file data.cif (mmCIF, C-alpha atoms and all ligand atoms)
data_final
loop_
_atom_site.group_PDB
_atom_site.id
_atom_site.type_symbol
_atom_site.label_atom_id
_atom_site.label_comp_id
_atom_site.auth_asym_id
_atom_site.auth_seq_id
_atom_site.Cartn_x
_atom_site.Cartn_y
_atom_site.Cartn_z
ATOM 1 C CA MET A 190 41.787 66.278 31.788
ATOM 2 C CA ALA A 191 39.264 63.935 30.202
ATOM 3 C CA GLU A 192 35.797 64.417 31.654
ATOM 4 C CA TRP A 193 33.047 61.888 32.151
ATOM 5 C CA HIS A 194 29.710 62.482 30.517
ATOM 6 C CA ILE A 195 27.306 59.679 31.328
ATOM 7 C CA GLY A 196 24.424 58.951 28.956
ATOM 8 C CA VAL A 197 21.604 57.206 30.792
ATOM 9 C CA ILE A 198 18.968 55.219 28.921
ATOM 10 C CA GLY A 199 15.983 54.771 31.199
ATOM 11 C CA GLY A 200 13.769 51.766 30.536
ATOM 12 C CA SER A 201 10.271 50.741 31.568
ATOM 13 C CA GLY A 202 9.194 52.674 34.655
ATOM 14 C CA LEU A 203 12.179 55.046 34.578
ATOM 15 C CA TYR A 204 11.129 58.008 32.478
ATOM 16 C CA GLU A 205 13.150 60.712 34.220
ATOM 17 C CA PRO A 206 16.504 60.750 36.002
ATOM 18 C CA GLY A 207 15.574 62.650 39.157
ATOM 19 C CA LYS A 208 17.058 65.969 40.034
ATOM 20 C CA LEU A 209 19.780 67.135 37.635
ATOM 21 C CA GLU A 210 21.325 70.566 38.138
ATOM 22 C CA ASP A 211 21.337 73.144 35.320
ATOM 23 C CA VAL A 212 18.958 70.865 33.487
ATOM 24 C CA GLN A 213 17.882 71.509 29.907
ATOM 25 C CA GLU A 214 15.505 69.537 27.710
ATOM 26 C CA ILE A 215 16.806 69.335 24.154
ATOM 27 C CA ALA A 216 15.255 67.728 21.061
ATOM 28 C CA VAL A 217 18.222 66.362 19.134
ATOM 29 C CA ASN A 218 17.831 65.213 15.522
ATOM 30 C CA SER A 219 19.473 62.092 14.191
ATOM 31 C CA ALA A 220 20.299 61.059 10.651
ATOM 32 C CA PHE A 221 18.979 57.623 11.644
ATOM 33 C CA GLY A 222 15.407 58.758 12.263
ATOM 34 C CA GLU A 223 13.414 59.760 15.305
ATOM 35 C CA PRO A 224 14.819 59.081 18.779
ATOM 36 C CA SER A 225 12.411 57.935 21.494
ATOM 37 C CA SER A 226 12.378 61.284 23.292
ATOM 38 C CA PRO A 227 14.136 64.596 23.748
ATOM 39 C CA VAL A 228 17.076 64.340 26.112
ATOM 40 C CA LEU A 229 17.426 65.886 29.553
ATOM 41 C CA THR A 230 20.935 67.114 30.074
ATOM 42 C CA GLY A 231 22.497 68.550 33.223
ATOM 43 C CA THR A 232 24.875 67.703 36.049
ATOM 44 C CA LEU A 233 24.818 65.505 39.153
ATOM 45 C CA HIS A 234 27.458 66.287 41.776
ATOM 46 C CA GLY A 235 29.374 68.164 39.100
ATOM 47 C CA VAL A 236 29.337 65.314 36.550
ATOM 48 C CA LYS A 237 27.563 65.727 33.206
ATOM 49 C CA PHE A 238 24.582 63.422 32.680
ATOM 50 C CA THR A 239 22.279 63.157 29.678
ATOM 51 C CA PHE A 240 19.096 61.103 30.035
ATOM 52 C CA LEU A 241 16.919 59.554 27.344
ATOM 53 C CA ALA A 242 13.700 57.581 27.967
ATOM 54 C CA ARG A 243 14.022 54.410 25.892
ATOM 55 C CA HIS A 244 10.312 53.926 25.254
ATOM 56 C CA GLY A 245 9.506 57.663 25.192
ATOM 57 C CA ALA A 246 8.376 59.767 28.139
ATOM 58 C CA GLY A 247 4.826 58.377 27.825
ATOM 59 C CA HIS A 248 5.987 54.817 27.005
ATOM 60 C CA THR A 249 4.708 54.967 23.439
ATOM 61 C CA ARG A 250 7.267 52.697 21.706
ATOM 62 C CA SER A 251 7.396 48.957 22.127
ATOM 63 C CA PRO A 252 10.815 47.232 22.238
ATOM 64 C CA SER A 253 10.421 46.405 18.516
ATOM 65 C CA HIS A 254 9.634 50.034 17.662
ATOM 66 C CA VAL A 255 12.363 51.762 19.630
ATOM 67 C CA ASN A 256 14.773 53.397 17.187
ATOM 68 C CA TYR A 257 17.939 52.151 18.909
ATOM 69 C CA ARG A 258 20.184 53.677 16.240
ATOM 70 C CA ALA A 259 18.680 57.138 16.644
ATOM 71 C CA ASN A 260 18.853 56.898 20.447
ATOM 72 C CA VAL A 261 22.545 55.983 20.507
ATOM 73 C CA ASP A 262 23.356 58.493 17.748
ATOM 74 C CA VAL A 263 21.642 61.272 19.715
ATOM 75 C CA LEU A 264 23.589 60.446 22.888
ATOM 76 C CA LYS A 265 26.820 60.476 20.904
ATOM 77 C CA ARG A 266 25.828 63.850 19.407
ATOM 78 C CA CYS A 267 25.327 65.162 22.944
ATOM 79 C CA GLY A 268 28.940 64.244 23.676
ATOM 80 C CA VAL A 269 28.388 61.406 26.134
ATOM 81 C CA THR A 270 31.491 59.325 26.838
ATOM 82 C CA ASP A 271 29.757 56.232 28.267
ATOM 83 C CA ILE A 272 26.237 54.782 28.362
ATOM 84 C CA LEU A 273 24.531 53.344 31.420
ATOM 85 C CA ALA A 274 21.338 51.530 30.473
ATOM 86 C CA ILE A 275 18.719 50.752 33.101
ATOM 87 C CA SER A 276 16.125 48.077 32.386
ATOM 88 C CA ALA A 277 13.320 46.035 33.829
ATOM 89 C CA ILE A 278 14.272 42.354 33.642
ATOM 90 C CA GLY A 279 12.685 39.012 34.379
ATOM 91 C CA SER A 280 14.597 36.550 36.559
ATOM 92 C CA LEU A 281 15.480 33.070 35.335
ATOM 93 C CA ARG A 282 17.097 32.095 38.672
ATOM 94 C CA GLU A 283 15.633 31.564 42.094
ATOM 95 C CA GLU A 284 18.316 33.710 43.754
ATOM 96 C CA PHE A 285 17.578 36.813 41.639
ATOM 97 C CA ALA A 286 14.417 37.984 43.370
ATOM 98 C CA PRO A 287 12.005 40.739 42.325
ATOM 99 C CA GLY A 288 13.369 44.048 43.586
ATOM 100 C CA ASP A 289 17.018 42.955 43.210
ATOM 101 C CA PHE A 290 19.427 44.666 40.812
ATOM 102 C CA VAL A 291 21.690 42.754 38.406
ATOM 103 C CA ALA A 292 24.827 43.964 36.619
ATOM 104 C CA VAL A 293 24.548 42.344 33.204
ATOM 105 C CA ASP A 294 27.799 41.275 31.588
ATOM 106 C CA GLN A 295 26.756 38.964 28.761
ATOM 107 C CA ILE A 296 23.885 39.022 26.292
ATOM 108 C CA ILE A 297 22.276 36.346 24.111
ATOM 109 C CA ASP A 298 20.507 38.030 21.210
ATOM 110 C CA ARG A 299 17.185 36.486 20.164
ATOM 111 C CA THR A 300 15.779 39.673 18.649
ATOM 112 C CA ALA A 301 14.864 39.739 14.972
ATOM 113 C CA GLY A 302 14.287 42.385 12.348
ATOM 114 C CA ARG A 303 15.765 45.323 14.259
ATOM 115 C CA GLU A 304 18.316 47.668 12.686
ATOM 116 C CA ARG A 305 21.478 46.479 14.401
ATOM 117 C CA SER A 306 24.294 48.442 12.771
ATOM 118 C CA PHE A 307 25.209 51.993 11.817
ATOM 119 C CA PHE A 308 27.419 50.575 9.083
ATOM 120 C CA GLY A 309 26.875 48.563 5.934
ATOM 121 C CA GLU A 310 25.629 51.102 3.406
ATOM 122 C CA GLY A 311 28.867 52.195 1.757
ATOM 123 C CA ILE A 312 31.110 51.777 4.799
ATOM 124 C CA VAL A 313 31.491 48.343 6.351
ATOM 125 C CA ALA A 314 32.638 47.734 9.928
ATOM 126 C CA HIS A 315 32.859 44.647 12.145
ATOM 127 C CA VAL A 316 33.407 45.633 15.775
ATOM 128 C CA PRO A 317 34.462 43.032 18.372
ATOM 129 C CA LEU A 318 31.629 42.249 20.803
ATOM 130 C CA ALA A 319 32.929 39.312 22.862
ATOM 131 C CA ASP A 320 32.350 41.350 26.002
ATOM 132 C CA PRO A 321 29.436 43.638 25.159
ATOM 133 C CA VAL A 322 29.564 45.408 28.506
ATOM 134 C CA CYS A 323 32.307 47.705 29.756
ATOM 135 C CA PRO A 324 33.638 46.189 33.022
ATOM 136 C CA ARG A 325 34.829 49.558 34.366
ATOM 137 C CA LEU A 326 31.455 51.310 34.102
ATOM 138 C CA SER A 327 29.582 48.175 35.119
ATOM 139 C CA ASP A 328 31.634 47.798 38.330
ATOM 140 C CA LEU A 329 31.203 51.464 39.187
ATOM 141 C CA ALA A 330 27.447 51.258 38.577
ATOM 142 C CA ALA A 331 27.131 48.028 40.585
ATOM 143 C CA LYS A 332 28.926 49.593 43.545
ATOM 144 C CA ALA A 333 26.721 52.675 43.227
ATOM 145 C CA GLY A 334 23.629 50.446 43.192
ATOM 146 C CA LYS A 335 24.758 48.774 46.411
ATOM 147 C CA LYS A 336 25.409 52.152 48.026
ATOM 148 C CA ALA A 337 21.927 53.220 46.981
ATOM 149 C CA GLY A 338 20.526 50.296 48.955
ATOM 150 C CA ALA A 339 19.892 47.722 46.230
ATOM 151 C CA THR A 340 20.608 44.013 46.597
ATOM 152 C CA MET A 341 23.045 43.690 43.724
ATOM 153 C CA HIS A 342 24.070 40.590 41.769
ATOM 154 C CA ASP A 343 26.953 40.267 39.291
ATOM 155 C CA ASP A 344 27.330 38.026 36.275
ATOM 156 C CA GLY A 345 23.968 38.723 34.684
ATOM 157 C CA ILE A 346 23.573 36.738 31.480
ATOM 158 C CA TYR A 347 20.695 38.441 29.682
ATOM 159 C CA VAL A 348 18.675 36.876 26.923
ATOM 160 C CA ALA A 349 17.138 39.557 24.713
ATOM 161 C CA ILE A 350 13.864 38.405 23.174
ATOM 162 C CA GLU A 351 11.961 40.224 20.441
ATOM 163 C CA GLY A 352 8.673 40.424 22.334
ATOM 164 C CA PRO A 353 6.440 42.290 22.717
ATOM 165 C CA GLN A 354 4.820 39.139 24.138
ATOM 166 C CA PHE A 355 6.505 37.494 27.096
ATOM 167 C CA SER A 356 8.035 34.054 26.546
ATOM 168 C CA THR A 357 6.279 30.720 26.411
ATOM 169 C CA ARG A 358 6.995 28.358 29.293
ATOM 170 C CA ALA A 359 9.070 26.109 27.005
ATOM 171 C CA GLU A 360 11.169 29.110 25.893
ATOM 172 C CA SER A 361 11.682 30.230 29.485
ATOM 173 C CA HIS A 362 13.019 26.740 30.399
ATOM 174 C CA LEU A 363 15.174 26.703 27.250
ATOM 175 C CA TYR A 364 16.821 30.032 28.128
ATOM 176 C CA ARG A 365 17.595 28.690 31.598
ATOM 177 C CA ASP A 366 19.188 25.614 30.010
ATOM 178 C CA TRP A 367 21.295 27.935 27.838
ATOM 179 C CA GLY A 368 22.716 29.523 30.986
ATOM 180 C CA ALA A 369 20.810 32.815 30.777
ATOM 181 C CA ASN A 370 19.821 34.136 34.189
ATOM 182 C CA VAL A 371 17.817 37.234 33.260
ATOM 183 C CA ILE A 372 15.495 38.156 30.397
ATOM 184 C CA GLY A 373 14.435 41.356 28.690
ATOM 185 C CA MET A 374 13.592 42.819 25.292
ATOM 186 C CA THR A 375 15.898 45.793 24.785
ATOM 187 C CA ALA A 376 19.605 45.171 25.463
ATOM 188 C CA MET A 377 20.070 44.285 21.830
ATOM 189 C CA PRO A 378 20.743 45.961 19.512
ATOM 190 C CA GLU A 379 21.422 48.769 22.014
ATOM 191 C CA ALA A 380 24.713 47.242 23.220
ATOM 192 C CA ARG A 381 25.869 46.490 19.643
ATOM 193 C CA LEU A 382 25.217 50.072 18.568
ATOM 194 C CA ALA A 383 26.923 51.593 21.594
ATOM 195 C CA ARG A 384 30.033 49.580 20.719
ATOM 196 C CA GLU A 385 29.917 50.819 17.110
ATOM 197 C CA ALA A 386 29.583 54.376 18.385
ATOM 198 C CA GLU A 387 32.713 53.822 20.498
ATOM 199 C CA LEU A 388 30.734 54.244 23.714
ATOM 200 C CA PRO A 389 31.466 51.918 26.659
ATOM 201 C CA TYR A 390 28.072 50.455 27.690
ATOM 202 C CA ALA A 391 26.876 49.015 30.992
ATOM 203 C CA LEU A 392 23.473 47.609 31.853
ATOM 204 C CA ILE A 393 21.903 47.452 35.293
ATOM 205 C CA GLY A 394 18.730 45.383 35.309
ATOM 206 C CA MET A 395 16.059 45.670 37.953
ATOM 207 C CA VAL A 396 14.315 42.346 38.522
ATOM 208 C CA THR A 397 10.551 42.700 38.249
ATOM 209 C CA ASP A 398 9.335 39.076 37.990
ATOM 210 C CA TYR A 399 10.215 35.397 37.647
ATOM 211 C CA ASP A 400 9.032 35.148 34.026
ATOM 212 C CA CYS A 401 7.072 31.868 33.737
ATOM 213 C CA TRP A 402 9.468 28.986 34.518
ATOM 214 C CA ARG A 403 8.648 28.689 38.203
ATOM 215 C CA ASP A 404 5.800 26.353 39.190
ATOM 216 C CA SER A 405 5.049 28.115 42.443
ATOM 217 C CA GLU A 406 4.817 31.634 41.032
ATOM 218 C CA GLU A 407 2.196 33.528 39.059
ATOM 219 C CA ASP A 408 3.307 33.980 35.448
ATOM 220 C CA VAL A 409 4.738 37.375 34.569
ATOM 221 C CA ASP A 410 2.323 40.174 33.748
ATOM 222 C CA VAL A 411 2.992 43.805 32.937
ATOM 223 C CA THR A 412 0.897 45.312 35.739
ATOM 224 C CA ASP A 413 3.107 43.604 38.318
ATOM 225 C CA ILE A 414 6.241 44.667 36.448
ATOM 226 C CA LEU A 415 5.274 48.323 36.502
ATOM 227 C CA LYS A 416 4.413 48.109 40.214
ATOM 228 C CA VAL A 417 7.886 46.751 41.028
ATOM 229 C CA MET A 418 9.528 49.312 38.733
ATOM 230 C CA LYS A 419 7.764 52.162 40.483
ATOM 231 C CA GLY A 420 9.206 50.923 43.765
ATOM 232 C CA ASN A 421 12.654 50.575 42.206
ATOM 233 C CA GLY A 422 12.760 53.918 40.407
ATOM 234 C CA GLU A 423 13.880 55.832 43.471
ATOM 235 C CA THR A 424 16.748 53.390 44.128
ATOM 236 C CA ALA A 425 17.797 53.674 40.476
ATOM 237 C CA ARG A 426 17.876 57.462 40.735
ATOM 238 C CA LYS A 427 19.903 57.221 43.954
ATOM 239 C CA MET A 428 22.283 54.884 42.112
ATOM 240 C CA LEU A 429 22.933 57.650 39.553
ATOM 241 C CA GLY A 430 23.832 60.078 42.348
ATOM 242 C CA GLU A 431 26.158 57.518 43.958
ATOM 243 C CA LEU A 432 27.748 56.821 40.584
ATOM 244 C CA ALA A 433 28.387 60.525 40.034
ATOM 245 C CA LYS A 434 30.085 60.738 43.418
ATOM 246 C CA ALA A 435 32.202 57.622 42.833
ATOM 247 C CA LEU A 436 33.511 58.351 39.328
ATOM 248 C CA PRO A 437 37.269 58.990 39.280
ATOM 249 C CA LYS A 438 38.017 62.711 38.762
ATOM 250 C CA SER A 439 39.482 62.134 35.345
ATOM 251 C CA ARG A 440 38.244 59.595 32.795
ATOM 252 C CA LYS A 441 41.038 57.335 31.562
ATOM 253 C CA ALA A 442 40.761 56.207 27.949
ATOM 254 C CA SER A 443 39.010 52.887 27.282
ATOM 255 C CA PRO A 444 39.911 50.589 24.352
ATOM 256 C CA ILE A 445 36.270 50.971 23.277
ATOM 257 C CA ASP A 446 36.850 54.718 22.659
ATOM 258 C CA THR A 447 38.856 53.822 19.542
ATOM 259 C CA ILE A 448 37.367 50.444 18.578
ATOM 260 C CA LEU A 449 36.573 51.566 15.022
ATOM 261 C CA ASP A 450 40.314 51.709 14.324
ATOM 262 C CA VAL A 451 40.259 47.902 14.180
ATOM 263 C CA ALA A 452 36.776 47.508 12.728
ATOM 264 C CA ILE A 453 36.280 49.435 9.479
ATOM 265 C CA VAL A 454 37.181 47.291 6.473
ATOM 266 C CA THR A 455 36.212 49.631 3.643
ATOM 267 C CA PRO A 456 39.273 51.611 2.540
ATOM 268 C CA ARG A 457 38.798 55.326 3.053
ATOM 269 C CA GLU A 458 38.937 56.114 -0.667
ATOM 270 C CA GLU A 459 35.944 53.787 -1.181
ATOM 271 C CA TRP A 460 33.756 55.375 1.504
ATOM 272 C CA ASP A 461 30.356 56.469 0.297
ATOM 273 C CA ILE A 462 30.030 60.180 1.039
ATOM 274 C CA ALA A 463 26.337 59.974 2.012
ATOM 275 C CA ALA A 464 27.045 57.096 4.413
ATOM 276 C CA ALA A 465 29.959 59.037 5.885
ATOM 277 C CA ALA A 466 27.755 62.092 6.382
ATOM 278 C CA LYS A 467 25.284 60.041 8.464
ATOM 279 C CA LEU A 468 28.175 58.794 10.610
ATOM 280 C CA ASP A 469 29.355 62.288 11.516
ATOM 281 C CA ALA A 470 28.616 61.660 15.207
ATOM 282 C CA VAL A 471 29.019 57.886 15.558
ATOM 283 C CA ALA A 472 32.401 57.905 13.825
ATOM 284 C CA SER A 473 33.228 61.537 14.547
ATOM 285 C CA ARG A 474 36.863 60.690 15.278
ATOM 286 C CA LEU A 475 37.327 59.360 11.755
ATOM 287 C CA ILE A 476 34.976 61.332 9.588
ATOM 288 C CA ASP A 477 36.535 64.409 8.116
ATOM 289 C CA LEU A 478 34.155 65.326 5.368
ATOM 290 C CA PHE A 479 35.732 68.615 4.489
ATOM 291 C CA PRO A 480 39.509 68.230 4.775
ATOM 292 C CA ALA A 481 41.525 71.440 4.615
ATOM 293 C CA PRO A 482 42.896 72.040 1.112
ATOM 294 C CA GLN A 483 46.482 70.782 0.760
ATOM 295 C CA GLY A 484 49.469 72.647 -0.661
HETATM 296 C C1 LIG B 1 7.066 46.811 30.608
HETATM 297 S S1 LIG B 1 7.437 45.131 30.703
HETATM 298 C C2 LIG B 1 8.465 44.649 29.336
HETATM 299 C C3 LIG B 1 9.451 45.658 28.902
HETATM 300 O O1 LIG B 1 10.202 46.059 30.058
HETATM 301 C C4 LIG B 1 11.576 46.006 29.723
HETATM 302 O O2 LIG B 1 11.887 47.234 29.093
HETATM 303 P P1 LIG B 1 13.220 48.028 29.372
HETATM 304 O O3 LIG B 1 14.349 47.083 29.049
HETATM 305 O O4 LIG B 1 13.177 49.196 28.461
HETATM 306 O O5 LIG B 1 13.193 48.409 30.834
HETATM 307 C C5 LIG B 1 11.629 44.816 28.770
HETATM 308 O O6 LIG B 1 12.833 44.765 28.060
HETATM 309 C C6 LIG B 1 10.439 45.055 27.920
HETATM 310 O O7 LIG B 1 10.714 45.986 26.902
HETATM 311 N N1 LIG B 2 9.827 38.303 32.059
HETATM 312 C C1 LIG B 2 10.236 39.228 31.208
HETATM 313 N N2 LIG B 2 10.466 38.921 29.915
HETATM 314 C C2 LIG B 2 10.895 39.865 29.055
HETATM 315 N N3 LIG B 2 11.111 41.138 29.380
HETATM 316 C C3 LIG B 2 10.907 41.482 30.646
HETATM 317 N N4 LIG B 2 11.057 42.655 31.263
HETATM 318 C C4 LIG B 2 10.711 42.495 32.542
HETATM 319 N N5 LIG B 2 10.353 41.219 32.783
HETATM 320 C C5 LIG B 2 10.463 40.559 31.609
#
call {"tool": "encode", "arguments": {"input": "data.cif", "output": "structure tokens"}}
result
Amino acid sequence: MAEWHIGVIGGSGLYEPGKLEDVQEIAVNSAFGEPSSPVLTGTLHGVKFTFLARHGAGHTRSPSHVNYRANVDVLKRCGVTDILAISAIGSLREEFAPGDFVAVDQIIDRTAGRERSFFGEGIVAHVPLADPVCPRLSDLAAKAGKKAGATMHDDGIYVAIEGPQFSTRAESHLYRDWGANVIGMTAMPEARLAREAELPYALIGMVTDYDCWRDSEEDVDVTDILKVMKGNGETARKMLGELAKALPKSRKASPIDTILDVAIVTPREEWDIAAAAKLDAVASRLIDLFPAPQG
């Protein structure tokens, strides 16, 4: 029976997952550099969870300095089957109020200069990303959020900016015109990399502010964001417990589990051995560096 193992990436204000049973802190190395933090791994209502603090436990990495590749690689090495990311987000719509939760389903990527692929150095892959979020995990997480007491919205269209500065007023209006309804700095390249690592990814955003498009509101500032996040942290942790309780007993396969089958264009005989070695977790299904001798 296929088991769930949920990797949780905690964003600003969410530096620990609450009470896991049989918890262990493990420093996991990655071939892609230093992850943001050691992971906490354990169980919640009998389901395996592994937690990683996106900006580090002491919030020492800005969105531009998070090593997204190492973070996703480490979660894959821990054996997670799915990733649930939790983030602070700004609202670009009146109806998404501070304190509300939003299930993000689309992402507009305005980040620049971040490492956005595990592939490209000796092995080339182009994964489909039309729907960057896994609807199954997203629905389960949204229902869990509601059960935990959050006001939950669907259909979050998230614009990922590079930051670390917040947007200008003209940018904030532009993103609204584009149809984005929430804003943050971290969903990309995280969602791209999860897809390449064959890990279904969902993102629950916790609204902390109205950015700077609204005439009647103070412009966003980080002190207010962290205040709202502190208030929301407990609901987010409850959401994890509700999710653990609501997961179906057995995890059915997702098309994302095998997405590399339709993505790698470099023929196997051309694969660069050093590149393949780095992909031993991300592409573990396909990498067989030491095949048994034939004959
Ligand atoms: C601390 S305010 C800006 C910061 O908060 C969000 O981080 P995360 O997505 O990790 O919760 C936002 O994306 C910015 O990185
Ligand atoms: N207004 C905002 N812009 C970018 N990232 C954010 N994270 C939380 N609020 C934000």
call {"tool": "closest_residue", "arguments": {"input": "data.cif", "among": "A:Ser201, A:Gln213, A:Asn421, A:Thr447", "to": "ligand LIG 2 (chain B)", "atoms": "only C-alpha atoms and all ligand atoms"}}
result
A:Ser201
call {"tool": "resolve_selection", "arguments": {"input": "data.cif", "expression": "the PyMOL selection byres (((not hetatm)) within 10 of (chain B and resi 2))", "output": "MDAnalysis selection string"}}
result
chainID A and resid 200:201 252 276:281 287 347:357 361 371:375 394:402 408:411 413:415 417:418
call {"tool": "atom_distance", "arguments": {"input": "data.cif", "atom1": "CA of Phe307 in chain A", "atom2": "CA of Gly247 in chain A"}}
result
26.7 Å
call {"tool": "resolve_selection", "arguments": {"input": "data.cif", "expression": "the PyMOL selection byres (((chain A and resi 461) around 8) and not hetatm)", "output": "NGL selection string"}}
result
:A and (310-312 or 459-460 or 462-465)
call {"tool": "residues_around", "arguments": {"input": "data.cif", "residues": "Phe290 in chain A", "least_positions_apart": "5", "cutoff": "9 Å", "atoms": "only C-alpha atoms", "output": "PyMOL selection string"}}
result
chain A and resi 285+331+334-335+339-343+393-396
call {"tool": "atom_distance", "arguments": {"input": "data.cif", "atom1": "CA of Gly268 in chain A", "atom2": "CA of Ala433 in chain A"}}
result
16.8 Å
call {"tool": "resolve_selection", "arguments": {"input": "data.cif", "expression": "the PyMOL selection byres (((chain A and resi 212) around 7) and not hetatm)", "output": "PyMOL selection string"}}
result
chain A and resi 209-211+213-214+229-231
call {"tool": "residues_around", "arguments": {"input": "data.cif", "residues": "range 234-242 of chain A", "least_positions_apart": "5", "cutoff": "9 Å", "atoms": "all atoms listed in the file", "output": "number ranges by chain"}}
result
A: 192-201, 203-206, 209-210, 224-229, 247-248, 260, 264, 267, 269, 430, 433-434, 436
call {"tool": "atom_distance", "arguments": {"input": "data.cif", "atom1": "CA of Ile297 in chain A", "atom2": "CA of Gly420 in chain A"}}
result
27.7 Å
call {"tool": "closest_residue", "arguments": {"input": "data.cif", "among": "A:Glu379, A:Asp320, A:Asp262, A:Asp344", "to": "ligand LIG 1 (chain B)", "atoms": "all atoms listed in the file"}}
result
A:Glu379
